[in-house]
There are 2 protein chains.
Amino acid sequence: MPEAAELLVCVKCRRGQEIPEDDRRPGQVLYEALMDREAPEGLRITPVECLQNCDHGCTVALRGGDRWTYVFGNLHEVSHPDMLLDGAMRYQATTDGLIPWRERPEHFKRNCVARIPPLTTDPVEETTE
Amino acid sequence: MPEAAELLVCVKCRRGQEIPEDDRRPGQVLYEALMDREAPEGLRITPVECLQNCDHGCTVALRGGDRWTYVFGNLHEVSHPDMLLDGAMRYQATTDGLIPWRERPEHFKRNCVARIPPLTTDPVEETTE
């Protein structure tokens with residue numbers, strides 16, 4: 001069984017919109033939509049206040065265990081929750097965080113903002129996708 | 001004494017240029033320029049193969065201890081090594097990774113690609129800058 005993984009969801013993302021002060025932000029809506037679904041086993045979903053990818057929100061990050069951490073942007077709170085949980089499940093099934101390219105959701109292929117190597121591996125030797 | 005910090009430098013960054021196959025890439029030049037300088041105490045500089053911020057390279061990340069991890073883009077291999085070491089030193093001097101805004105290098109203010117909370121804190125309670 002692979003180690004647990006964590007899906008960090010920026011709940012402050014405005015997704016480029018003007019949001020009234022007292023209204024729910026798209027990032028918050030995305031987080032709630034994820035929490036309303038059944039999370040894959042071994043996946044923790046965590047709200048965070050700002051991942052500083054504000055120009056390309058909504059934004060999430062996937063991390064955990066000895067995996068590469070990935071940041072994905074341009075997410076939509078209505079269209080993307082299912083895709084996101086599917087991608088998170090595939091991520092969690094890996095030991096290194098590298099979802100095989102052909103299994104990777106199209107949105108992940110085109111909207112990776114950045115990735116960060118695990119603390120535990122030699123980043124030059126093991127990073128080629 | 002704050003915990004050690006790590007500056008990850010993508011050595012594959014092309015900085016938007018066509019680079020001949022056998023030529024050194026801007027990311028590699030940046031890494032070598034950093035290594036030629038005296039690193040701040042407690043800072044480890046690590047080459048990595050790809051941080052997947054390829055459209056806005058050169059790219060680096062700062063992490064370590066209980067700090068937020070930051071990814072910065074649009075770095076130039078000739079103009080930015082000194083700024084980068086200065087910023088890394090200020091980062092390393094913090095316990096949470098949040099360089100006070102007025103001390104933050106201008107380039108860091110405008111070119112943060114993303115940031116990721118430490119594993120150890122409550123990300124909603126402690127993230128407001």
# chains A, B, ... in the order shown; residues from 1 in each chain; ligands from 1
>>> interface_residues(of="chain A", to="chain B", cutoff="10 Å", atoms="only C-alpha atoms", output="number ranges by chain")
A: 6, 8, 10-11, 46-56, 59-64, 68-73, 111-117, 119, 122-129
>>> select_by_dssp(residues="stretch 79-120 of chain B", states="strand (DSSP E)", output="mmCIF file with C-alpha atoms, in the first residue's frame")
data_model
loop_
_atom_site.group_PDB
_atom_site.id
_atom_site.type_symbol
_atom_site.label_atom_id
_atom_site.label_comp_id
_atom_site.auth_asym_id
_atom_site.auth_seq_id
_atom_site.Cartn_x
_atom_site.Cartn_y
_atom_site.Cartn_z
ATOM 1 C CA CYS B 112 6.689 33.815 -7.222
ATOM 2 C CA VAL B 113 5.319 30.909 -9.235
ATOM 3 C CA ALA B 114 3.802 29.037 -6.302
ATOM 4 C CA ARG B 115 4.386 28.237 -2.661
ATOM 5 C CA ILE B 116 3.595 25.151 -0.628
#
>>> residues_around(residues="B:Ala4", least_positions_apart="5", cutoff="10 Å", atoms="only C-alpha atoms", output="list in words")
Glu41, Gly42, Leu43, Arg44, Arg63, Gly64, Gly65, Gln92, Ala93 and Thr95 of chain B
>>> closest_residue(among="B:Thr94, B:Ser79, B:Asn74, B:Gln17", to="B:Leu34", atoms="only C-alpha atoms")
B:Ser79
>>> residues_around(residues="B:Pro81", least_positions_apart="2", cutoff="12 Å", atoms="only C-alpha atoms", output="VMD selection string")
chain B and resid 7 9 26 to 27 29 to 39 45 58 to 60 75 to 79 83 to 88 107
>>> atom_distance(atom1="atom CA of B:Asp82", atom2="atom CA of B:Ile19")
24.3 Å
>>> atom_distance(atom1="atom CA of B:Arg110", atom2="atom CA of A:Gly57")
16.6 Å
>>> closest_residue(among="B:Phe108, B:Trp101, B:Asp96, B:Arg14", to="B:Pro2", atoms="only C-alpha atoms")
B:Asp96
